[in-house]
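A.B. asks: Sending over protein33.cif (mmCIF, C-alpha atoms).
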```cif
data_query
loop_
_atom_site.group_PDB
_atom_site.id
_atom_site.type_symbol
_atom_site.label_atom_id
_atom_site.label_comp_id
_atom_site.auth_asym_id
_atom_site.auth_seq_id
_atom_site.Cartn_x
_atom_site.Cartn_y
_atom_site.Cartn_z
ATOM 1 C CA MET A 1 10.935 31.584 73.009
ATOM 2 C CA SER A 2 11.494 33.893 75.977
ATOM 3 C CA ASN A 3 10.203 32.872 79.406
ATOM 4 C CA GLN A 4 9.566 36.522 80.231
ATOM 5 C CA SER A 5 7.595 37.635 77.215
ATOM 6 C CA GLY A 6 6.109 35.895 74.217
ATOM 7 C CA CYS A 7 6.037 36.932 70.591
ATOM 8 C CA LEU A 8 3.312 37.678 68.069
ATOM 9 C CA TYR A 9 4.187 35.885 64.839
ATOM 10 C CA VAL A 10 2.544 36.983 61.586
ATOM 11 C CA VAL A 11 2.525 33.780 59.555
ATOM 12 C CA ALA A 12 1.912 33.481 55.819
ATOM 13 C CA THR A 13 0.006 30.406 54.645
ATOM 14 C CA PRO A 14 -0.491 28.948 51.138
ATOM 15 C CA ILE A 15 -2.800 30.709 48.695
ATOM 16 C CA GLY A 16 -3.738 27.403 47.086
ATOM 17 C CA ASN A 17 -1.002 24.808 46.808
ATOM 18 C CA LEU A 18 -0.322 23.334 50.251
ATOM 19 C CA LYS A 19 3.249 22.508 49.219
ATOM 20 C CA ASP A 20 3.972 26.238 49.483
ATOM 21 C CA MET A 21 3.707 26.048 53.277
ATOM 22 C CA SER A 22 7.174 26.657 54.697
ATOM 23 C CA PRO A 23 8.704 24.280 57.278
ATOM 24 C CA ARG A 24 9.310 27.274 59.548
ATOM 25 C CA ALA A 25 5.636 28.232 59.396
ATOM 26 C CA VAL A 26 4.629 24.695 60.407
ATOM 27 C CA GLU A 27 7.140 24.755 63.268
ATOM 28 C CA ILE A 28 5.951 28.114 64.620
ATOM 29 C CA LEU A 29 2.256 27.207 64.393
ATOM 30 C CA ALA A 30 2.937 23.995 66.303
ATOM 31 C CA GLU A 31 4.912 25.775 69.041
ATOM 32 C CA VAL A 32 2.761 28.799 69.875
ATOM 33 C CA ALA A 33 0.092 28.778 72.574
ATOM 34 C CA LEU A 34 -2.665 30.089 70.310
ATOM 35 C CA ILE A 35 -3.344 30.632 66.606
ATOM 36 C CA LEU A 36 -5.516 33.598 65.610
ATOM 37 C CA ALA A 37 -7.426 33.118 62.360
ATOM 38 C CA GLU A 38 -10.014 35.138 60.468
ATOM 39 C CA ASP A 39 -12.223 32.079 59.875
ATOM 40 C CA THR A 40 -11.488 29.028 62.007
ATOM 41 C CA ARG A 41 -13.640 26.827 59.745
ATOM 42 C CA HIS A 42 -11.367 27.692 56.838
ATOM 43 C CA SER A 43 -8.082 27.418 58.734
ATOM 44 C CA ARG A 44 -8.738 24.226 60.707
ATOM 45 C CA PRO A 45 -8.348 21.874 57.682
ATOM 46 C CA LEU A 46 -4.933 23.472 56.991
ATOM 47 C CA LEU A 47 -3.785 22.764 60.531
ATOM 48 C CA ILE A 48 -5.136 19.215 60.406
ATOM 49 C CA HIS A 49 -3.265 18.607 57.136
ATOM 50 C CA PHE A 50 0.035 19.505 58.805
ATOM 51 C CA GLY A 51 -0.763 17.734 62.069
ATOM 52 C CA ILE A 52 -0.895 20.965 64.092
ATOM 53 C CA GLY A 53 -2.969 20.694 67.255
ATOM 54 C CA THR A 54 -2.537 24.252 68.562
ATOM 55 C CA PRO A 55 -5.763 25.878 69.825
ATOM 56 C CA LEU A 56 -7.435 28.109 67.252
ATOM 57 C CA GLN A 57 -9.336 31.310 67.947
ATOM 58 C CA SER A 58 -11.268 33.579 65.608
ATOM 59 C CA LEU A 59 -10.005 37.126 65.116
ATOM 60 C CA HIS A 60 -11.840 39.253 62.560
ATOM 61 C CA GLU A 61 -12.842 42.828 61.814
ATOM 62 C CA HIS A 62 -15.805 42.678 64.204
ATOM 63 C CA ASN A 63 -13.907 41.592 67.319
ATOM 64 C CA GLU A 64 -10.210 42.445 66.908
ATOM 65 C CA VAL A 65 -10.396 45.961 68.397
ATOM 66 C CA GLU A 66 -11.949 44.566 71.570
ATOM 67 C CA MET A 67 -9.696 41.500 71.747
ATOM 68 C CA ALA A 68 -6.365 43.116 70.828
ATOM 69 C CA PRO A 69 -5.467 44.490 74.310
ATOM 70 C CA VAL A 70 -6.370 41.203 76.005
ATOM 71 C CA LEU A 71 -4.301 39.161 73.568
ATOM 72 C CA CYS A 72 -1.330 41.505 73.888
ATOM 73 C CA GLU A 73 -1.447 41.254 77.686
ATOM 74 C CA ARG A 74 -1.272 37.472 77.394
ATOM 75 C CA ILE A 75 1.726 37.715 75.070
ATOM 76 C CA LEU A 76 3.505 40.062 77.464
ATOM 77 C CA ARG A 77 2.938 37.489 80.208
ATOM 78 C CA GLY A 78 4.802 34.886 78.146
ATOM 79 C CA GLU A 79 2.347 33.283 75.712
ATOM 80 C CA SER A 80 3.436 33.388 72.079
ATOM 81 C CA MET A 81 0.729 33.581 69.423
ATOM 82 C CA ALA A 82 0.503 33.363 65.643
ATOM 83 C CA LEU A 83 -1.746 35.368 63.351
ATOM 84 C CA ILE A 84 -2.802 33.758 60.067
ATOM 85 C CA SER A 85 -5.293 34.746 57.379
ATOM 86 C CA ASP A 86 -7.563 32.565 55.263
ATOM 87 C CA ALA A 87 -4.776 32.418 52.677
ATOM 88 C CA GLY A 88 -1.499 34.187 51.982
ATOM 89 C CA THR A 89 0.147 36.912 54.037
ATOM 90 C CA PRO A 90 -1.969 38.399 56.864
ATOM 91 C CA LEU A 91 -3.051 42.067 56.807
ATOM 92 C CA VAL A 92 -2.943 42.293 52.981
ATOM 93 C CA SER A 93 -6.648 43.063 52.428
ATOM 94 C CA ASP A 94 -7.315 41.069 55.610
ATOM 95 C CA PRO A 95 -7.944 41.852 59.302
ATOM 96 C CA GLY A 96 -5.073 42.213 61.745
ATOM 97 C CA TYR A 97 -4.150 45.893 61.653
ATOM 98 C CA ALA A 98 -5.789 46.672 64.989
ATOM 99 C CA LEU A 99 -3.934 43.824 66.670
ATOM 100 C CA LEU A 100 -0.543 44.792 65.246
ATOM 101 C CA ARG A 101 -1.082 48.449 66.118
ATOM 102 C CA GLN A 102 -1.941 47.492 69.678
ATOM 103 C CA ALA A 103 1.050 45.151 69.851
ATOM 104 C CA HIS A 104 3.448 47.935 68.878
ATOM 105 C CA ASP A 105 1.803 50.385 71.275
ATOM 106 C CA MET A 106 2.170 47.920 74.154
ATOM 107 C CA GLY A 107 5.741 46.899 73.338
ATOM 108 C CA VAL A 108 4.910 43.368 72.217
ATOM 109 C CA THR A 109 7.611 41.616 70.195
ATOM 110 C CA VAL A 110 6.384 40.910 66.652
ATOM 111 C CA SER A 111 7.996 38.769 63.986
ATOM 112 C CA PRO A 112 7.056 37.920 60.360
ATOM 113 C CA ILE A 113 7.130 34.362 59.043
ATOM 114 C CA PRO A 114 7.155 35.092 55.292
ATOM 115 C CA GLY A 115 5.550 33.025 52.598
ATOM 116 C CA ALA A 116 2.936 33.199 49.872
ATOM 117 C CA SER A 117 1.284 36.467 48.820
ATOM 118 C CA ALA A 118 -1.169 36.528 45.916
ATOM 119 C CA MET A 119 -0.236 40.122 45.112
ATOM 120 C CA ILE A 120 3.512 39.487 44.839
ATOM 121 C CA ALA A 121 3.066 36.113 43.139
ATOM 122 C CA ALA A 122 0.896 37.703 40.459
ATOM 123 C CA LEU A 123 3.187 40.688 39.964
ATOM 124 C CA SER A 124 6.184 38.391 39.487
ATOM 125 C CA VAL A 125 4.638 36.835 36.357
ATOM 126 C CA ALA A 126 2.652 39.805 35.014
ATOM 127 C CA GLY A 127 5.218 41.142 32.574
ATOM 128 C CA LEU A 128 4.467 44.671 33.809
ATOM 129 C CA PRO A 129 6.889 47.118 35.455
ATOM 130 C CA SER A 130 7.517 45.927 39.010
ATOM 131 C CA ASP A 131 10.045 48.489 40.230
ATOM 132 C CA ARG A 132 7.195 50.761 41.333
ATOM 133 C CA PHE A 133 3.661 49.567 42.013
ATOM 134 C CA ALA A 134 0.564 50.491 44.033
ATOM 135 C CA PHE A 135 -1.648 47.891 45.715
ATOM 136 C CA GLU A 136 -5.276 49.056 45.876
ATOM 137 C CA GLY A 137 -6.932 45.956 47.329
ATOM 138 C CA PHE A 138 -10.605 45.501 46.419
ATOM 139 C CA LEU A 139 -12.421 48.170 44.434
ATOM 140 C CA PRO A 140 -15.820 49.409 45.703
ATOM 141 C CA ALA A 141 -18.740 47.022 45.190
ATOM 142 C CA LYS A 142 -20.912 49.451 43.207
ATOM 143 C CA SER A 143 -20.071 50.574 39.689
ATOM 144 C CA SER A 144 -20.312 54.279 40.546
ATOM 145 C CA GLY A 145 -17.821 53.867 43.374
ATOM 146 C CA ARG A 146 -15.493 51.757 41.231
ATOM 147 C CA GLN A 147 -15.461 54.272 38.419
ATOM 148 C CA GLN A 148 -14.803 57.138 40.820
ATOM 149 C CA ARG A 149 -11.860 55.254 42.373
ATOM 150 C CA LEU A 150 -10.476 54.356 38.939
ATOM 151 C CA GLN A 151 -10.794 57.956 37.775
ATOM 152 C CA GLY A 152 -8.690 58.997 40.732
ATOM 153 C CA LEU A 153 -6.031 56.476 39.667
ATOM 154 C CA ALA A 154 -6.140 57.195 35.925
ATOM 155 C CA ALA A 155 -2.992 59.329 35.937
ATOM 156 C CA GLU A 156 -1.051 57.003 38.277
ATOM 157 C CA THR A 157 2.188 55.975 36.557
ATOM 158 C CA ARG A 158 2.928 52.982 38.807
ATOM 159 C CA THR A 159 1.633 49.497 38.035
ATOM 160 C CA LEU A 160 -1.749 49.119 39.759
ATOM 161 C CA ILE A 161 -2.734 45.912 41.562
ATOM 162 C CA PHE A 162 -6.280 44.949 42.605
ATOM 163 C CA TYR A 163 -7.985 41.933 44.144
ATOM 164 C CA GLU A 164 -11.383 40.969 42.775
ATOM 165 C CA SER A 165 -14.107 38.413 43.489
ATOM 166 C CA PRO A 166 -15.768 36.106 40.924
ATOM 167 C CA HIS A 167 -19.178 37.775 41.087
ATOM 168 C CA ARG A 168 -17.696 41.204 40.257
ATOM 169 C CA ILE A 169 -14.859 40.374 37.870
ATOM 170 C CA ILE A 170 -16.747 41.176 34.654
ATOM 171 C CA ASP A 171 -18.293 44.384 36.001
ATOM 172 C CA SER A 172 -14.902 45.548 37.269
ATOM 173 C CA LEU A 173 -13.234 44.875 33.928
ATOM 174 C CA ARG A 174 -16.019 46.759 32.153
ATOM 175 C CA ASP A 175 -15.550 49.766 34.428
ATOM 176 C CA MET A 176 -11.790 49.638 33.842
ATOM 177 C CA VAL A 177 -12.363 49.706 30.088
ATOM 178 C CA THR A 178 -14.802 52.614 30.478
ATOM 179 C CA VAL A 179 -12.506 54.740 32.611
ATOM 180 C CA LEU A 180 -9.000 53.727 31.494
ATOM 181 C CA GLY A 181 -9.644 52.641 27.915
ATOM 182 C CA ALA A 182 -9.630 49.295 26.132
ATOM 183 C CA ASP A 183 -5.969 49.664 25.155
ATOM 184 C CA ARG A 184 -4.531 49.877 28.703
ATOM 185 C CA LEU A 185 -2.263 46.840 29.110
ATOM 186 C CA ALA A 186 -3.280 44.496 31.920
ATOM 187 C CA CYS A 187 -2.634 41.073 33.370
ATOM 188 C CA MET A 188 -5.085 38.800 35.184
ATOM 189 C CA GLY A 189 -3.984 36.126 37.632
ATOM 190 C CA ARG A 190 -6.765 33.673 38.515
ATOM 191 C CA GLU A 191 -6.634 30.807 41.037
ATOM 192 C CA LEU A 192 -2.895 31.268 41.517
ATOM 193 C CA THR A 193 -0.986 28.080 42.462
ATOM 194 C CA LYS A 194 -4.166 26.010 42.088
ATOM 195 C CA ARG A 195 -5.107 23.379 39.506
ATOM 196 C CA PHE A 196 -6.899 25.730 37.121
ATOM 197 C CA GLU A 197 -4.481 28.657 37.382
ATOM 198 C CA THR A 198 -4.753 31.292 34.652
ATOM 199 C CA ILE A 199 -2.234 33.996 33.784
ATOM 200 C CA ARG A 200 -3.487 36.223 30.962
ATOM 201 C CA ARG A 201 -1.712 39.379 29.779
ATOM 202 C CA ALA A 202 -3.560 41.551 27.248
ATOM 203 C CA PRO A 203 -5.114 44.996 26.713
ATOM 204 C CA LEU A 204 -8.143 45.536 28.949
ATOM 205 C CA GLY A 205 -10.644 45.251 26.104
ATOM 206 C CA GLU A 206 -9.219 41.919 24.992
ATOM 207 C CA LEU A 207 -9.053 40.674 28.567
ATOM 208 C CA LEU A 208 -12.726 41.547 29.111
ATOM 209 C CA THR A 209 -13.725 39.629 25.976
ATOM 210 C CA PHE A 210 -11.682 36.624 27.130
ATOM 211 C CA VAL A 211 -13.389 36.487 30.532
ATOM 212 C CA GLU A 212 -16.877 37.147 29.150
ATOM 213 C CA GLY A 213 -16.461 34.308 26.653
ATOM 214 C CA ASP A 214 -15.499 31.588 29.125
ATOM 215 C CA ASP A 215 -17.603 30.787 32.206
ATOM 216 C CA ASN A 216 -14.637 29.023 33.801
ATOM 217 C CA GLN A 217 -12.654 32.279 33.729
ATOM 218 C CA GLN A 218 -15.341 33.882 35.885
ATOM 219 C CA LYS A 219 -14.707 31.555 38.842
ATOM 220 C CA GLY A 220 -12.144 31.669 41.627
ATOM 221 C CA GLU A 221 -9.999 34.410 43.108
ATOM 222 C CA PHE A 222 -8.491 37.153 40.965
ATOM 223 C CA VAL A 223 -5.542 39.528 40.952
ATOM 224 C CA LEU A 224 -5.837 42.265 38.320
ATOM 225 C CA MET A 225 -2.760 44.296 37.375
ATOM 226 C CA LEU A 226 -2.791 47.346 35.130
ATOM 227 C CA ALA A 227 0.099 49.134 33.482
ATOM 228 C CA GLY A 228 0.514 52.643 34.821
ATOM 229 C CA ALA A 229 -0.268 55.767 32.823
ATOM 230 C CA PRO A 230 2.566 57.078 30.617
ATOM 231 C CA GLU A 231 4.989 59.423 32.326
ATOM 232 C CA VAL A 232 4.342 63.042 31.373
ATOM 233 C CA GLU A 233 7.540 64.830 30.365
ATOM 234 C CA THR A 234 8.063 68.048 32.260
ATOM 235 C CA ASP A 235 8.584 71.158 30.159
ATOM 236 C CA GLU A 236 9.770 73.929 32.427
ATOM 237 C CA ALA A 237 9.107 76.470 29.705
ATOM 238 C CA SER A 238 5.404 75.635 29.593
ATOM 239 C CA LEU A 239 2.722 76.275 32.144
ATOM 240 C CA SER A 240 2.251 73.581 34.789
ATOM 241 C CA VAL A 241 -0.802 71.472 33.950
ATOM 242 C CA ASP A 242 -1.543 70.943 37.610
ATOM 243 C CA ARG A 243 -1.250 74.636 38.422
ATOM 244 C CA VAL A 244 -3.562 75.582 35.549
ATOM 245 C CA LEU A 245 -6.099 72.915 36.535
ATOM 246 C CA ASP A 246 -6.084 74.002 40.161
ATOM 247 C CA VAL A 247 -7.138 77.495 39.093
ATOM 248 C CA LEU A 248 -9.654 76.479 36.414
ATOM 249 C CA LEU A 249 -11.372 73.806 38.501
ATOM 250 C CA GLU A 250 -12.351 76.467 41.013
ATOM 251 C CA GLU A 251 -14.514 78.182 38.408
ATOM 252 C CA LEU A 252 -15.382 75.636 35.703
ATOM 253 C CA SER A 253 -16.741 72.115 35.306
ATOM 254 C CA THR A 254 -14.240 69.290 35.016
ATOM 255 C CA LYS A 255 -14.753 68.991 31.259
ATOM 256 C CA GLN A 256 -14.486 72.741 30.617
ATOM 257 C CA ALA A 257 -11.431 73.111 32.851
ATOM 258 C CA ALA A 258 -9.680 70.193 31.161
ATOM 259 C CA ALA A 259 -10.409 71.462 27.651
ATOM 260 C CA LEU A 260 -9.102 74.942 28.432
ATOM 261 C CA ALA A 261 -6.054 73.596 30.297
ATOM 262 C CA ALA A 262 -5.181 71.418 27.295
ATOM 263 C CA LYS A 263 -5.249 74.467 25.009
ATOM 264 C CA LEU A 264 -3.137 76.552 27.376
ATOM 265 C CA THR A 265 -0.478 73.901 27.990
ATOM 266 C CA GLY A 266 -0.455 72.064 24.677
ATOM 267 C CA ARG A 267 -1.116 68.736 26.401
ATOM 268 C CA LYS A 268 -3.386 66.015 25.035
ATOM 269 C CA LYS A 269 -7.048 66.517 25.914
ATOM 270 C CA ASN A 270 -7.618 63.029 27.327
ATOM 271 C CA GLU A 271 -4.460 63.196 29.454
ATOM 272 C CA VAL A 272 -5.492 66.524 30.975
ATOM 273 C CA TYR A 273 -9.079 65.342 31.460
ATOM 274 C CA GLN A 274 -7.882 62.300 33.429
ATOM 275 C CA ARG A 275 -5.714 64.540 35.611
ATOM 276 C CA ALA A 276 -8.723 66.796 36.215
ATOM 277 C CA LEU A 277 -10.858 63.807 37.198
ATOM 278 C CA ALA A 278 -8.190 62.695 39.646
ATOM 279 C CA LYS A 279 -8.095 66.160 41.208
ATOM 280 C CA ARG A 280 -11.859 66.243 41.551
ATOM 281 C CA GLY A 281 -11.648 62.903 43.362
ATOM 282 C CA GLU A 282 -9.117 64.342 45.804
ATOM 283 C CA ASN A 283 -11.202 67.350 46.670
#
```
Before anything else, please render the file you have as structure tokens.
C.D. replies:
Amino acid sequence: MSNQSGCLYVVATPIGNLKDMSPRAVEILAEVALILAEDTRHSRPLLIHFGIGTPLQSLHEHNEVEMAPVLCERILRGESMALISDAGTPLVSDPGYALLRQAHDMGVTVSPIPGASAMIAALSVAGLPSDRFAFEGFLPAKSSGRQQRLQGLAAETRTLIFYESPHRIIDSLRDMVTVLGADRLACMGRELTKRFETIRRAPLGELLTFVEGDDNQQKGEFVLMLAGAPEVETDEASLSVDRVLDVLLEELSTKQAAALAAKLTGRKKNEVYQRALAKRGEN
């Protein structure tokens, strides 16, 4: 480490199985002057397990904006620090953005220490297209908000990835069935790398029935992955669906605009309706 300026390391930690902790991560956490963690009560047992005695300080969404400049000044004066999350790779649906933004603005050296990520681990075993995907994090807590977000994603052709909590998993699956249909192919990863890990690939309707029928499948941490919408072939000789919808949505309701656009373009009604819903969500 430099005597002139320290480094901010972004360190991935295990998402369940402690054997997934990399030797380099252990080495860095033992060497730095300070470890920044979202919840010190959660992270301290991890450090104890690996015999790491580095001081630990809490950094979360309620204090990171205020603390970021102070921490960066300390790093510039020569103290290296490590940022960890409760589990997995920091900043993926976790705090840390304000600190990293400040670090870049102030010229702080930053370096990733890669490791486990629930999103990537789940995608690797999902059996869904992985060449193009969109990570959406957690859906809104209320059903109305979830359905609105899902409607905006209905025409997305990339594989969609979500995180979900145990107390909302059934409601989220129900909303997915309502908005995207029971036949949309999906994969659920539950408690990844842990003792009761579940990987289940099935249409959404079947997946919902599976979770509803087993209380054990309603516990733990979830990654939900959905196959993207089918690609719409472009016919240059026909009217653009998007162009027609843009005009009709200015004058008509979503349902009326979609129905008329489907007639004008020869597209399937449901496909056009989903595109109209997505446009309404953007406006």
A.B. asks: Counting only C-alpha atoms, find the residues whose atoms lie at most 12 Å from (-9.8, 37.7, 38.1) (file coordinates) and write them out as JSON, numbers by chain.
C.D. replies: {"A": [118, 122, 138, 161, 162, 163, 164, 165, 166, 167, 168, 169, 170, 171, 172, 173, 186, 187, 188, 189, 190, 191, 192, 197, 198, 199, 200, 201, 207, 208, 210, 211, 212, 215, 216, 217, 218, 219, 220, 221, 222, 223, 224, 225]}
A.B. asks: CA of Gln148 (chain A) and CA of Glu250 (chain A) are how many Å apart?
C.D. replies: 19.5 Å
A.B. asks: Let me make sure I understand: among A:Gly88, A:Gly137, A:Gly213, A:Gly51, which one has the smallest atom-to-atom distance to Gly115 (chain A) if we use all atoms listed in the file?
C.D. replies: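 Result for the nearest residue to Gly115 (chain A): A:Gly88.
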A.B. asks: Which one is closest to Thr254 (chain A): A:Lys19, A:Arg101, A:Arg280, A:Arg149? Count all atoms listed in the file.
C.D. replies: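 Residue with the minimum atom-to-atom distance to Thr254 (chain A): A:Arg280.
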A.B. asks: Would you write out, as a ChimeraX atom specification, every residue that the PyMOL selection byres ((chain A and resi 78) around 7) captures in this file?
C.D. replies: /A:3-6,74-77,79-80
